[in-house]
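**Student:** Encoded as structure tokens, here's the structure I'll be asking about.
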Amino acid sequence: MHKRSLGLSLVGSLAIIVGACGTAATPTPSSSQAASQPAASASAPAASGSDAAPSASTSAMKPIKVGVVTDVGQLEDKSFNQSSNEGAKAAATESGGSHEVIVTKAISDYAANIQTLIDADFDVIVTVGFLIGTDTAKAAKANPDVKFVGVDQGVCVDEAGAPDGTFACKGDAATLLPNYQGIVFAEAQPGYLAGIVAGSISKSGTIGAVGGTNVPAVVNYWRGYENGAKSIKSDIKVLYQETDPDPSKGFNDQSKGKTIANQFLSQGADVIFQIAGLTGQGALEAVCAKDGAYGIGVDVDQAVSLPTLSKCIVTSAEKKLVDTVKAVVLSVASDTFKAGTVPYNAASDPQAIGLSAYHDNAALITPEIQAKLDAALAALKDGSLDPCAPIKCTVAGS
Amino acid sequence: MDVLFDIPILGFIFQFLAYLVDAIFTTNLPAQTLQLATPIVLGALCGVLNERSGIVNIGIEGMMLTAAFVGFMAAVVVSDAMPAAEAGIFGFTPALVVGVLAAIGAGMLVSLLHAWLSISVRADQIISGTVINIIALGLTGYLNRLIQPSGSAGTLDPIRPPAALLDLPVLGPVIQMFFTSGPITTSVIIFVIVLQILLFRSRWGLRTRAVGEHPRAADTVGINVIRVRYRNVILGGVFAGLAGAWLTLEFNASFQNGMTANRGFIALAAVIFGRWTPVGAFGGALLFMVWEALGIAIRSDPPPGDLGVFLSGIQATYPSLYNNFFGALPYLLTLIVLAGVVGRSIPPASVGRPYVKEGAT
């Protein structure tokens with residue numbers, strides 16, 4: 001029996017070592033894990049932008065120590081986690097400070113990961129994703145001298161400044177938690193622009209969108225896309241499917257994404273918008289395998305992040321995560337930090353949403369289509385165009 | 001037909017059957033089903049080979065994931081070295097050949113670890129399998145981060161039969177199902193038939209089953225139990241490796257952490273469902289996945305008539321319930337079929353028990 005216990009403990013300890021590379025409390029480049037949930041997170045209610053800090057232009061910057069806690073998944077998601085981290089890193093470098101990232105393995109590790117960075121005296125902690133918002137708000141309340149930046153998090157607190165699970169949002173986040181900014185993107189706007197592209201280049205009159213899990217960010221993209229396409233051709237058919245209600249599968253199952261896209265293609269769709277993170281990569285691959293079909297990427301310029309698929313990606317509906325996160329983190333260094341939920345959209349400076357360059361498929365976008373896109377973008381900027389109309393940006397729509 | 005459709009409640013069933021027939025004969029449902037089922041069938045073949053010789057293998061998931069990673073990395077390295085290589089039959093470039101072989105090799109290596117732990121060390125086989133799953137997930141994720149592969153080696157080409165063949169009555173859907181996917185998907189049916197015959201009609205099969213049912217009896221007639229078990233577990237690794245190759249070299253063109261997404265565990269269910277036979281496991285995998293494929297089809301293209309109106313109504317009113325229902329459907333039906341049709345399935349008698357030769361402790 002000696003032999004048996006030796007072998008087991010040998011392999012067991014290897015498992016522990018490998019596992020430890022990715023444990024919660026290691027602020028070093030750590031291993032990533034199975035479940036991924038990139039493209040999406042939600043914008044909570046009450047977008048109460050505050051005017052706490054006057055935008056004193058480029059005052060002297062102090063070097064800051066920036067820590068990032070990612071959402072569950074991998075850092076190299078070529079999308080959400082990766083871009084937020086790049087923005088934070090760029091800001092740290094520009095201020096002359098340092099940067100560290102922790103990749104979250106499980107939802108239950110959120111609080112511990114944030115605490116690790118607090119204990120290591122970081123000045124700014126960037127947390128990524130809607131789901132980590134509650135733990136971020138708690139940490140912000142307990143550590144008033146650390147600045148928190150939450151990507152895709154609406155700050156929603158009760159009168160006492162504690163996270164509000166009922167989403168009544170009675171408390172004024174900007175005054176109760178003056179050290180916490182929630183970044184919320186208007187995904188429906190780039191979705192709308194993507195819809196204009198899809199509606200214009202579709203020959204079959206059927207287009208599709210593959211969603212990961214129906215969290216608000218995904219639904220916003222989808223409904224904006226639908227409204228945009230219908231603004232071009234009112235009778236266009238927009239197919240949509242949620243990959244899986246469980247986000248750890250919905251955003252991380254390439255094979256299923258491809259299957260859904262194949263289904264859409266067989267129903268005659270010739271443009272497919274992917275709103276499903278890594279799942280969507282499979283959808284884009286399906287599109288690439290079919291002549292005359294085109295894909296639209298999400299969150300970042302996917303023709304660049306997925307070079308092998310660039311020939312069939314027309315454009316990507318972008319949230320400018322890198323620029324926005326960088327600007328917000330730098331606002332700490334220059335003492336112009338704003339608290340509360342801050343919406344980022346076409347009207348933000350730098351512009352926080354938009355379409356990526358057309359790269360290989362620039363010929364598809366005729367001057368007429370470009371004119372429509374420019375007009376829509378201008379209307380989104382001045383607020384005269386609502387991307388969530390006539391179909392509302394909810395799962396049920398209508 | 002319309003008369004049948006108008007019957008209350010029962011009409012729904014006729015409408016559904018009409019939709020199903022339509023889906024089989026006019027859409028790509030048969031091919032979608034086989035594609036989704038491929039990694040599960042291959043994983044299940046690995047499970048059958050293991051369990052028939054008395055070794056429990058719940059590490060199929062980890063074996064598939066390791067193979068997917070190693071195969072992909074090897075293919076990327078080779079394709080970087082010789083980017084202009086010409087593709088041969090089925091789109092096999094040198095990179096893809098090396099990738100598929102590397103995936104199979106990786107599957108065999110991990111199986112060897114499992115075999116050593118379960119047969120020689122006589123460790124608990126469930127723990128050995130679990131450890132393999134945990135290590136595979138952590139190690140591939142870690143190395144993927146470390147290497148950060150950019151680019152891809154491409155994928156194996158699907159077979160493209162003449163359109164006229166696909167339009168044949170009755171035979172059309174069958175040809176579409178088996179001969180419009182890549183070579184790994186297409187080869188699955190061959191593996192299933194060959195293994196079924198070998199397992200029940202050959203000397204190797206008889207020995208395998210004897211070792212799984214009653215190793216002591218097998219030993220007394222001169223069968224080397226340890227060797228048979230090693231051989232079967234490692235042979236199983238070949239199929240787990242092929243499943244991994246399917247994930248990164250045939251159906252998809254990149255590796256993602258945890259991309260097996262529990263397919264290895266569904267394969268185990270298919271093994272039990274199929275009563276430890278290759279053909280049964282194949283049927284089980286197809287049954288699970290036809291519902292998955294149908295769920296996708298129904299949600300994006302609802303059936304005609306009242307059923308479609310009814311389903312669309314639910315979809316609009318309770319979207320998350322509707323989607324969860326389709327997500328759960330394969331498993332719900334599995335439960336029903338397991339309880340009602342398959343009944344009690346009896347595993348090989350000695351499965352999970354390490355063999356100790358009499359007198360040697």
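Chain labels run A, B, ... following the order of the structure tokens; each chain numbers its residues from 1, and ligands are numbered from 1 in the order shown.
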List every residue of range 44-291 of chain A that DSSP, applied to the backbone of this structure, assigns to alpha helix (DSSP H), and report them as a ChimeraX atom specification.

**Tutor:** /A:80-95,110-119,133-142,173-176,188-201,216-232,247-250,254-266,277-288

**Student:** Considering only C-alpha atoms, return as a list in words whatever protein or nucleic-acid residues lie within 10 Å of Lys62 in chain A, sequence-local ones (same chain, fewer than 2 positions apart) excluded.

**Tutor:**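 The residues satisfying every condition are Ser59, Ala60, Ile64, Lys65, Glu94, Ser95, Gly96, Gly97, Leu330, Val332, Ala333, Ser334 and Asp335 of chain A.
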
**Student:** Generate the output file for the selected residues, C-alpha atoms, as an mmCIF file, in the first residue's frame.

**Tutor:**
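Contents of the output file again13.cif:
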data_model
loop_
_atom_site.group_PDB
_atom_site.id
_atom_site.type_symbol
_atom_site.label_atom_id
_atom_site.label_comp_id
_atom_site.auth_asym_id
_atom_site.auth_seq_id
_atom_site.Cartn_x
_atom_site.Cartn_y
_atom_site.Cartn_z
ATOM 1 C CA SER A 59 -2.386 69.206 -13.621
ATOM 2 C CA ALA A 60 0.802 67.492 -12.535
ATOM 3 C CA ILE A 64 -0.055 55.662 -9.045
ATOM 4 C CA LYS A 65 -0.130 51.999 -8.210
ATOM 5 C CA GLU A 94 1.907 57.051 -18.106
ATOM 6 C CA SER A 95 1.694 58.240 -14.502
ATOM 7 C CA GLY A 96 5.036 56.611 -13.758
ATOM 8 C CA GLY A 97 3.496 54.112 -11.347
ATOM 9 C CA LEU A 330 -5.453 58.818 -15.101
ATOM 10 C CA VAL A 332 -7.001 59.737 -10.236
ATOM 11 C CA ALA A 333 -3.408 60.667 -10.982
ATOM 12 C CA SER A 334 -4.431 64.181 -11.966
ATOM 13 C CA ASP A 335 -6.977 64.578 -9.141
#

**Student:** CA of Phe325 in chain B and CA of Ser266 in chain A are how many Å apart?

**Tutor:**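 Atom-to-atom, CA of Phe325 in chain B and CA of Ser266 in chain A are spaced 23.6 Å apart.
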
**Student:** Fewer than 2 positions away in the same chain doesn't count, so skip those; otherwise give me all residues within 7 Å of range 181-190 of chain A, counting only C-alpha atoms, as an mmCIF file with N, CA and C atoms, in the first residue's frame.

**Tutor:**
data_model
loop_
_atom_site.group_PDB
_atom_site.id
_atom_site.type_symbol
_atom_site.label_atom_id
_atom_site.label_comp_id
_atom_site.auth_asym_id
_atom_site.auth_seq_id
_atom_site.Cartn_x
_atom_site.Cartn_y
_atom_site.Cartn_z
ATOM 1 N N SER A 43 -25.350 47.205 -17.166
ATOM 2 C CA SER A 43 -25.458 48.548 -16.651
ATOM 3 C C SER A 43 -26.630 48.535 -15.700
ATOM 4 N N PHE A 148 -11.703 53.299 -6.464
ATOM 5 C CA PHE A 148 -12.185 52.111 -7.167
ATOM 6 C C PHE A 148 -12.812 52.494 -8.502
ATOM 7 N N VAL A 149 -12.491 51.719 -9.525
ATOM 8 C CA VAL A 149 -13.089 51.936 -10.836
ATOM 9 C C VAL A 149 -13.750 50.627 -11.243
ATOM 10 N N GLY A 150 -15.056 50.664 -11.468
ATOM 11 C CA GLY A 150 -15.769 49.440 -11.843
ATOM 12 C C GLY A 150 -16.205 49.498 -13.294
ATOM 13 N N VAL A 151 -15.690 48.571 -14.103
ATOM 14 C CA VAL A 151 -16.064 48.557 -15.514
ATOM 15 C C VAL A 151 -17.384 47.809 -15.679
ATOM 16 N N ASP A 152 -18.329 48.414 -16.373
ATOM 17 C CA ASP A 152 -19.677 47.869 -16.567
ATOM 18 C C ASP A 152 -20.437 47.728 -15.255
ATOM 19 N N GLN A 153 -20.218 48.665 -14.354
ATOM 20 C CA GLN A 153 -20.922 48.599 -13.075
ATOM 21 C C GLN A 153 -21.667 49.905 -12.826
ATOM 22 N N GLY A 154 -22.989 49.800 -12.684
ATOM 23 C CA GLY A 154 -23.743 50.941 -12.209
ATOM 24 C C GLY A 154 -23.636 50.932 -10.701
ATOM 25 N N VAL A 155 -23.286 52.060 -10.100
ATOM 26 C CA VAL A 155 -23.145 52.078 -8.645
ATOM 27 C C VAL A 155 -24.525 52.268 -8.041
ATOM 28 N N ASN A 179 -15.188 57.602 -3.595
ATOM 29 C CA ASN A 179 -13.964 56.990 -4.117
ATOM 30 C C ASN A 179 -14.245 55.886 -5.126
ATOM 31 N N TYR A 192 -26.530 49.723 -32.656
ATOM 32 C CA TYR A 192 -27.349 50.375 -33.674
ATOM 33 C C TYR A 192 -26.537 50.606 -34.948
ATOM 34 N N LEU A 193 -25.313 51.092 -34.767
ATOM 35 C CA LEU A 193 -24.450 51.336 -35.930
ATOM 36 C C LEU A 193 -24.152 50.020 -36.656
ATOM 37 N N ALA A 194 -23.889 48.963 -35.880
ATOM 38 C CA ALA A 194 -23.641 47.647 -36.485
ATOM 39 C C ALA A 194 -24.868 47.190 -37.254
ATOM 40 N N ALA A 217 -25.869 44.030 -20.962
ATOM 41 C CA ALA A 217 -24.971 44.502 -22.013
ATOM 42 C C ALA A 217 -25.258 43.794 -23.336
ATOM 43 N N ASN A 220 -28.620 44.964 -24.759
ATOM 44 C CA ASN A 220 -28.492 46.307 -25.335
ATOM 45 C C ASN A 220 -27.895 46.250 -26.741
ATOM 46 N N TYR A 221 -26.818 45.501 -26.876
ATOM 47 C CA TYR A 221 -26.196 45.350 -28.189
ATOM 48 C C TYR A 221 -27.212 44.809 -29.194
ATOM 49 N N ARG A 223 -30.618 44.582 -29.163
ATOM 50 C CA ARG A 223 -31.779 45.390 -29.519
ATOM 51 C C ARG A 223 -31.371 46.616 -30.326
ATOM 52 N N GLY A 224 -30.212 47.187 -29.989
ATOM 53 C CA GLY A 224 -29.711 48.314 -30.784
ATOM 54 C C GLY A 224 -29.473 47.886 -32.224
ATOM 55 N N ALA A 317 -18.525 46.284 -33.325
ATOM 56 C CA ALA A 317 -19.215 47.267 -32.490
ATOM 57 C C ALA A 317 -18.388 47.429 -31.223
ATOM 58 N N GLU A 318 -17.745 48.565 -31.104
ATOM 59 C CA GLU A 318 -16.754 48.710 -30.034
ATOM 60 C C GLU A 318 -17.250 49.520 -28.847
ATOM 61 N N LYS A 319 -16.822 49.045 -27.670
ATOM 62 C CA LYS A 319 -16.773 49.914 -26.503
ATOM 63 C C LYS A 319 -15.299 50.227 -26.387
ATOM 64 N N LYS A 338 -14.038 61.386 -10.882
ATOM 65 C CA LYS A 338 -15.469 61.579 -10.666
ATOM 66 C C LYS A 338 -16.062 60.340 -10.018
ATOM 67 N N ALA A 339 -16.944 60.521 -9.044
ATOM 68 C CA ALA A 339 -17.552 59.374 -8.378
ATOM 69 C C ALA A 339 -18.942 59.122 -8.942
ATOM 70 N N GLY A 340 -19.522 57.994 -8.558
ATOM 71 C CA GLY A 340 -20.863 57.642 -9.002
ATOM 72 C C GLY A 340 -20.832 56.882 -10.315
ATOM 73 N N THR A 341 -22.029 56.646 -10.853
ATOM 74 C CA THR A 341 -22.110 55.952 -12.129
ATOM 75 C C THR A 341 -21.899 56.962 -13.253
ATOM 76 N N VAL A 342 -20.925 56.735 -14.091
ATOM 77 C CA VAL A 342 -20.678 57.670 -15.185
ATOM 78 C C VAL A 342 -20.957 56.961 -16.508
ATOM 79 N N PRO A 343 -21.944 57.459 -17.261
ATOM 80 C CA PRO A 343 -22.239 56.830 -18.542
ATOM 81 C C PRO A 343 -21.226 57.221 -19.612
ATOM 82 N N TYR A 344 -20.840 56.276 -20.410
ATOM 83 C CA TYR A 344 -19.916 56.552 -21.512
ATOM 84 C C TYR A 344 -20.604 56.183 -22.814
ATOM 85 N N ASN A 345 -20.626 57.115 -23.744
ATOM 86 C CA ASN A 345 -21.365 56.891 -24.986
ATOM 87 C C ASN A 345 -20.744 57.699 -26.115
ATOM 88 N N ILE A 353 -17.762 54.886 -27.683
ATOM 89 C CA ILE A 353 -18.311 53.778 -28.467
ATOM 90 C C ILE A 353 -18.086 54.074 -29.949
ATOM 91 N N GLY A 354 -18.280 53.071 -30.765
ATOM 92 C CA GLY A 354 -18.166 53.325 -32.203
ATOM 93 C C GLY A 354 -17.935 52.047 -32.979
ATOM 94 N N LEU A 355 -17.757 52.188 -34.284
ATOM 95 C CA LEU A 355 -17.448 51.041 -35.115
ATOM 96 C C LEU A 355 -15.950 51.027 -35.403
ATOM 97 N N PRO A 387 -31.337 54.629 -29.658
ATOM 98 C CA PRO A 387 -31.094 53.297 -30.235
ATOM 99 C C PRO A 387 -32.019 52.240 -29.646
ATOM 100 N N CYS A 388 -32.675 52.557 -28.547
ATOM 101 C CA CYS A 388 -33.595 51.595 -27.928
ATOM 102 C C CYS A 388 -35.038 51.915 -28.319
#

**Student:** Here is a test: counting only C-alpha atoms, which residue of B:Leu96, B:Ile58, B:Ile9, B:Leu171 is nearest to Ile127 in chain B?

**Tutor:** B:Ile58

**Student:** Output as a PyMOL selection string all residues of range 103-295 of chain A that backbone DSSP marks as strand (DSSP E).

**Tutor:** chain A and resi 124-128+147-151+180-185+206-211+237-242+271-275+294-295

**Student:** Go ahead and dump the residues you just picked, C-alpha atoms, as a compact mmCIF listing (two decimals), in the first residue's frame.

**Tutor:**
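Saved the output as again_19.txt:
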# COMPACT_ATOMS: atom_id res chain seq x y z
CA VAL A 124 -6.51 52.52 -7.67
CA ILE A 125 -8.30 49.22 -8.01
CA VAL A 126 -10.07 48.47 -11.28
CA THR A 127 -12.68 45.72 -11.09
CA VAL A 128 -14.07 44.28 -14.29
CA LYS A 147 -10.03 54.71 -5.43
CA PHE A 148 -12.18 52.11 -7.17
CA VAL A 149 -13.09 51.94 -10.84
CA GLY A 150 -15.77 49.44 -11.84
CA VAL A 151 -16.06 48.56 -15.51
CA TYR A 180 -15.87 54.74 -6.54
CA GLN A 181 -16.69 55.30 -10.19
CA GLY A 182 -18.85 52.88 -12.13
CA ILE A 183 -18.20 52.93 -15.87
CA VAL A 184 -21.31 52.15 -17.87
CA PHE A 185 -21.30 51.95 -21.66
CA THR A 206 -32.14 37.97 -43.01
CA ILE A 207 -29.44 38.76 -40.47
CA GLY A 208 -28.50 37.16 -37.16
CA ALA A 209 -26.96 37.85 -33.78
CA VAL A 210 -25.47 35.25 -31.44
CA GLY A 211 -25.72 36.28 -27.78
CA LYS A 237 -35.63 39.47 -40.32
CA VAL A 238 -33.29 39.51 -37.30
CA LEU A 239 -32.55 36.09 -35.83
CA TYR A 240 -31.21 36.03 -32.30
CA GLN A 241 -30.27 33.29 -29.89
CA GLU A 242 -28.89 33.20 -26.37
CA VAL A 271 -24.60 38.87 -41.76
CA ILE A 272 -24.03 37.66 -38.19
CA PHE A 273 -23.22 39.88 -35.24
CA GLN A 274 -21.47 38.08 -32.41
CA ILE A 275 -22.24 39.28 -28.87
CA TYR A 294 -20.05 38.44 -43.20
CA GLY A 295 -19.51 38.77 -39.48

**Student:** Can you tell me, as a PDB file with N, CA and C atoms, in the first residue's frame, what residues are no more than 9 Å from range 348-359 of chain B when counting only C-alpha atoms, ignoring any on the same chain fewer than 4 positions away?

**Tutor:**
ATOM      1  N   ASN B  50     -12.128   1.674 -21.537  1.00  0.00           N
ATOM      2  CA  ASN B  50     -11.624   1.641 -20.173  1.00  0.00           C
ATOM      3  C   ASN B  50     -12.484   0.754 -19.285  1.00  0.00           C
ATOM      4  N   GLU B  51     -13.766   1.035 -19.295  1.00  0.00           N
ATOM      5  CA  GLU B  51     -14.643   0.401 -18.324  1.00  0.00           C
ATOM      6  C   GLU B  51     -14.861  -1.071 -18.642  1.00  0.00           C
ATOM      7  N   ARG B  52     -14.859  -1.423 -19.922  1.00  0.00           N
ATOM      8  CA  ARG B  52     -15.001  -2.829 -20.279  1.00  0.00           C
ATOM      9  C   ARG B  52     -13.840  -3.657 -19.732  1.00  0.00           C
ATOM     10  N   SER B  53     -12.676  -3.016 -19.544  1.00  0.00           N
ATOM     11  CA  SER B  53     -11.566  -3.779 -18.990  1.00  0.00           C
ATOM     12  C   SER B  53     -11.438  -3.546 -17.487  1.00  0.00           C
ATOM     13  N   GLY B  54     -12.411  -2.867 -16.906  1.00  0.00           N
ATOM     14  CA  GLY B  54     -12.447  -2.759 -15.449  1.00  0.00           C
ATOM     15  C   GLY B  54     -11.861  -1.495 -14.867  1.00  0.00           C
ATOM     16  N   ILE B  55     -11.604  -0.487 -15.706  1.00  0.00           N
ATOM     17  CA  ILE B  55     -11.039   0.748 -15.187  1.00  0.00           C
ATOM     18  C   ILE B  55     -12.054   1.878 -15.342  1.00  0.00           C
ATOM     19  N   VAL B  56     -12.393   2.522 -14.227  1.00  0.00           N
ATOM     20  CA  VAL B  56     -13.276   3.684 -14.305  1.00  0.00           C
ATOM     21  C   VAL B  56     -12.451   4.860 -14.808  1.00  0.00           C
ATOM     22  N   ASN B  57     -12.994   5.582 -15.771  1.00  0.00           N
ATOM     23  CA  ASN B  57     -12.259   6.746 -16.260  1.00  0.00           C
ATOM     24  C   ASN B  57     -13.166   7.967 -16.265  1.00  0.00           C
ATOM     25  N   SER B 118      -4.079   3.777 -11.740  1.00  0.00           N
ATOM     26  CA  SER B 118      -5.178   2.878 -11.402  1.00  0.00           C
ATOM     27  C   SER B 118      -4.766   1.414 -11.402  1.00  0.00           C
ATOM     28  N   ILE B 119      -3.810   1.055 -12.250  1.00  0.00           N
ATOM     29  CA  ILE B 119      -3.481  -0.364 -12.372  1.00  0.00           C
ATOM     30  C   ILE B 119      -2.254  -0.718 -11.528  1.00  0.00           C
ATOM     31  N   SER B 120      -1.162   0.011 -11.705  1.00  0.00           N
ATOM     32  CA  SER B 120       0.061  -0.351 -10.989  1.00  0.00           C
ATOM     33  C   SER B 120       0.050   0.168  -9.559  1.00  0.00           C
ATOM     34  N   VAL B 121      -0.280   1.442  -9.399  1.00  0.00           N
ATOM     35  CA  VAL B 121      -0.269   2.021  -8.057  1.00  0.00           C
ATOM     36  C   VAL B 121      -1.504   1.588  -7.275  1.00  0.00           C
ATOM     37  N   ARG B 122      -2.552   1.177  -8.018  1.00  0.00           N
ATOM     38  CA  ARG B 122      -3.835   0.766  -7.444  1.00  0.00           C
ATOM     39  C   ARG B 122      -4.475   1.885  -6.644  1.00  0.00           C
ATOM     40  N   ALA B 123      -4.328   3.076  -7.137  1.00  0.00           N
ATOM     41  CA  ALA B 123      -4.958   4.215  -6.480  1.00  0.00           C
ATOM     42  C   ALA B 123      -6.453   4.178  -6.748  1.00  0.00           C
ATOM     43  N   ASP B 124      -7.183   4.960  -6.011  1.00  0.00           N
ATOM     44  CA  ASP B 124      -8.619   5.075  -6.263  1.00  0.00           C
ATOM     45  C   ASP B 124      -8.810   5.692  -7.644  1.00  0.00           C
ATOM     46  N   GLN B 125      -9.581   5.002  -8.490  1.00  0.00           N
ATOM     47  CA  GLN B 125      -9.667   5.425  -9.894  1.00  0.00           C
ATOM     48  C   GLN B 125     -10.463   6.706 -10.082  1.00  0.00           C
ATOM     49  N   ILE B 126     -11.415   6.924  -9.175  1.00  0.00           N
ATOM     50  CA  ILE B 126     -12.197   8.165  -9.250  1.00  0.00           C
ATOM     51  C   ILE B 126     -11.273   9.347  -8.950  1.00  0.00           C
ATOM     52  N   ARG B 209     -13.404  -8.090 -22.099  1.00  0.00           N
ATOM     53  CA  ARG B 209     -14.616  -8.224 -21.293  1.00  0.00           C
ATOM     54  C   ARG B 209     -14.376  -9.150 -20.105  1.00  0.00           C
ATOM     55  N   VAL B 211     -11.619  -9.593 -18.486  1.00  0.00           N
ATOM     56  CA  VAL B 211     -10.823  -8.877 -17.495  1.00  0.00           C
ATOM     57  C   VAL B 211     -11.698  -7.882 -16.724  1.00  0.00           C
ATOM     58  N   GLY B 212     -12.697  -7.344 -17.416  1.00  0.00           N
ATOM     59  CA  GLY B 212     -13.576  -6.389 -16.754  1.00  0.00           C
ATOM     60  C   GLY B 212     -14.603  -7.065 -15.867  1.00  0.00           C
ATOM     61  N   GLU B 213     -15.008  -8.275 -16.247  1.00  0.00           N
ATOM     62  CA  GLU B 213     -16.043  -8.952 -15.467  1.00  0.00           C
ATOM     63  C   GLU B 213     -15.443  -9.751 -14.314  1.00  0.00           C
ATOM     64  N   HIS B 214     -14.431 -10.514 -14.608  1.00  0.00           N
ATOM     65  CA  HIS B 214     -13.896 -11.422 -13.593  1.00  0.00           C
ATOM     66  C   HIS B 214     -12.397 -11.611 -13.824  1.00  0.00           C
ATOM     67  N   PRO B 215     -11.609 -10.648 -13.354  1.00  0.00           N
ATOM     68  CA  PRO B 215     -10.182 -10.689 -13.660  1.00  0.00           C
ATOM     69  C   PRO B 215      -9.486 -11.941 -13.121  1.00  0.00           C
ATOM     70  N   ARG B 216      -9.955 -12.440 -11.987  1.00  0.00           N
ATOM     71  CA  ARG B 216      -9.269 -13.608 -11.431  1.00  0.00           C
ATOM     72  C   ARG B 216      -9.435 -14.814 -12.340  1.00  0.00           C
ATOM     73  N   ASP B 219      -7.301 -14.417 -15.256  1.00  0.00           N
ATOM     74  CA  ASP B 219      -5.907 -14.678 -14.898  1.00  0.00           C
ATOM     75  C   ASP B 219      -5.618 -16.175 -14.881  1.00  0.00           C
ATOM     76  N   VAL B 225      -3.848  -9.865 -16.975  1.00  0.00           N
ATOM     77  CA  VAL B 225      -4.848  -8.841 -16.656  1.00  0.00           C
ATOM     78  C   VAL B 225      -4.250  -7.443 -16.735  1.00  0.00           C
ATOM     79  N   ILE B 226      -3.081  -7.304 -16.124  1.00  0.00           N
ATOM     80  CA  ILE B 226      -2.453  -5.981 -16.066  1.00  0.00           C
ATOM     81  C   ILE B 226      -2.189  -5.463 -17.476  1.00  0.00           C
ATOM     82  N   TRP B 276     -22.500   0.355 -21.985  1.00  0.00           N
ATOM     83  CA  TRP B 276     -21.105  -0.029 -22.201  1.00  0.00           C
ATOM     84  C   TRP B 276     -20.855  -0.698 -23.551  1.00  0.00           C
TER      85      TRP B 276
END

**Student:** Between B:Thr93, B:Ser300, B:Ser345, B:Thr334, which one has atoms that come closest to chain A, using only C-alpha atoms?

**Tutor:**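 Of all the options, B:Ser300 lies closest to chain A.
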
**Student:** Using only C-alpha atoms, determine which residues lie at most 8 Å from Gly284 in chain B, disregarding the query and same-chain residues fewer than 3 positions distant; provide the list as a PyMOL selection string.

**Tutor:** chain B and resi 270-271+273-274+280-281+287-288

**Student:** Please identify every residue of chain B that has at least one atom no more than 6 Å from any atom of chain A, counting only C-alpha atoms, and report them as number ranges by chain.

**Tutor:** B: 121-123, 135, 138, 141-142, 257-258, 316

**Student:** Of the candidates A:Ile114, A:Ile201, A:Ala375, A:Cys312, which shows the shortest atom-to-atom distance to Lys233 in chain A, using only C-alpha atoms?

**Tutor:** A:Ile201

**Student:** Leaving out Asn262 in chain B and any residue of its chain fewer than 2 positions from it, which residues lie within 10 Å of it when counting only C-alpha atoms, given as a list in words?

**Tutor:**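 The filter keeps Lys249 of chain A; Ile40, Ile60, Glu61, Gly62, Gly258, Met259, Thr260, Gly264, Phe265, Ile266 and Ala267 of chain B.
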
**Student:** Based on the selection just made, write N, CA and C atoms of those residues as a compact mmCIF listing (two decimals), in the first residue's frame.

**Tutor:**
# COMPACT_ATOMS: atom_id res chain seq x y z
N LYS A 249 -20.91 29.12 -19.44
CA LYS A 249 -21.00 28.38 -20.70
C LYS A 249 -21.34 29.33 -21.85
N ILE B 40 -18.42 13.75 -28.14
CA ILE B 40 -19.05 12.93 -27.10
C ILE B 40 -18.92 11.46 -27.44
N ILE B 60 -11.87 11.67 -18.73
CA ILE B 60 -11.98 11.86 -20.18
C ILE B 60 -11.93 13.35 -20.53
N GLU B 61 -12.63 14.14 -19.72
CA GLU B 61 -12.66 15.59 -19.93
C GLU B 61 -11.25 16.17 -19.96
N GLY B 62 -10.45 15.77 -18.95
CA GLY B 62 -9.09 16.28 -18.88
C GLY B 62 -8.22 15.79 -20.02
N GLY B 258 -10.62 25.57 -20.94
CA GLY B 258 -11.85 24.85 -20.57
C GLY B 258 -12.82 24.68 -21.71
N MET B 259 -12.33 24.61 -22.95
CA MET B 259 -13.24 24.58 -24.09
C MET B 259 -13.98 23.26 -24.24
N THR B 260 -13.59 22.23 -23.49
CA THR B 260 -14.33 20.98 -23.56
C THR B 260 -15.74 21.15 -23.00
N GLY B 264 -16.73 15.79 -21.79
CA GLY B 264 -16.20 14.53 -21.28
C GLY B 264 -17.13 13.85 -20.30
N PHE B 265 -17.88 14.67 -19.58
CA PHE B 265 -18.81 14.09 -18.61
C PHE B 265 -20.08 13.60 -19.30
N ILE B 266 -20.51 14.35 -20.33
CA ILE B 266 -21.66 13.88 -21.09
C ILE B 266 -21.30 12.56 -21.78
N ALA B 267 -20.03 12.42 -22.18
CA ALA B 267 -19.58 11.17 -22.78
C ALA B 267 -19.75 10.01 -21.79

**Student:** From the options B:Met64, B:Ala103, B:Ile159, B:Ala136, which residue's atoms come nearest to Leu42 in chain B, counting only C-alpha atoms?

**Tutor:**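 Closest residue, counting only C-alpha atoms: B:Met64.
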
**Student:** Write out as a list in words each polymer residue whose atoms come within 6 Å of Gly67 in chain A, counting only C-alpha atoms; drop sequence neighbours fewer than 3 positions from it.

**Tutor:**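 Answer for this query is His99, Glu100, Val101 and Ile125 of chain A.
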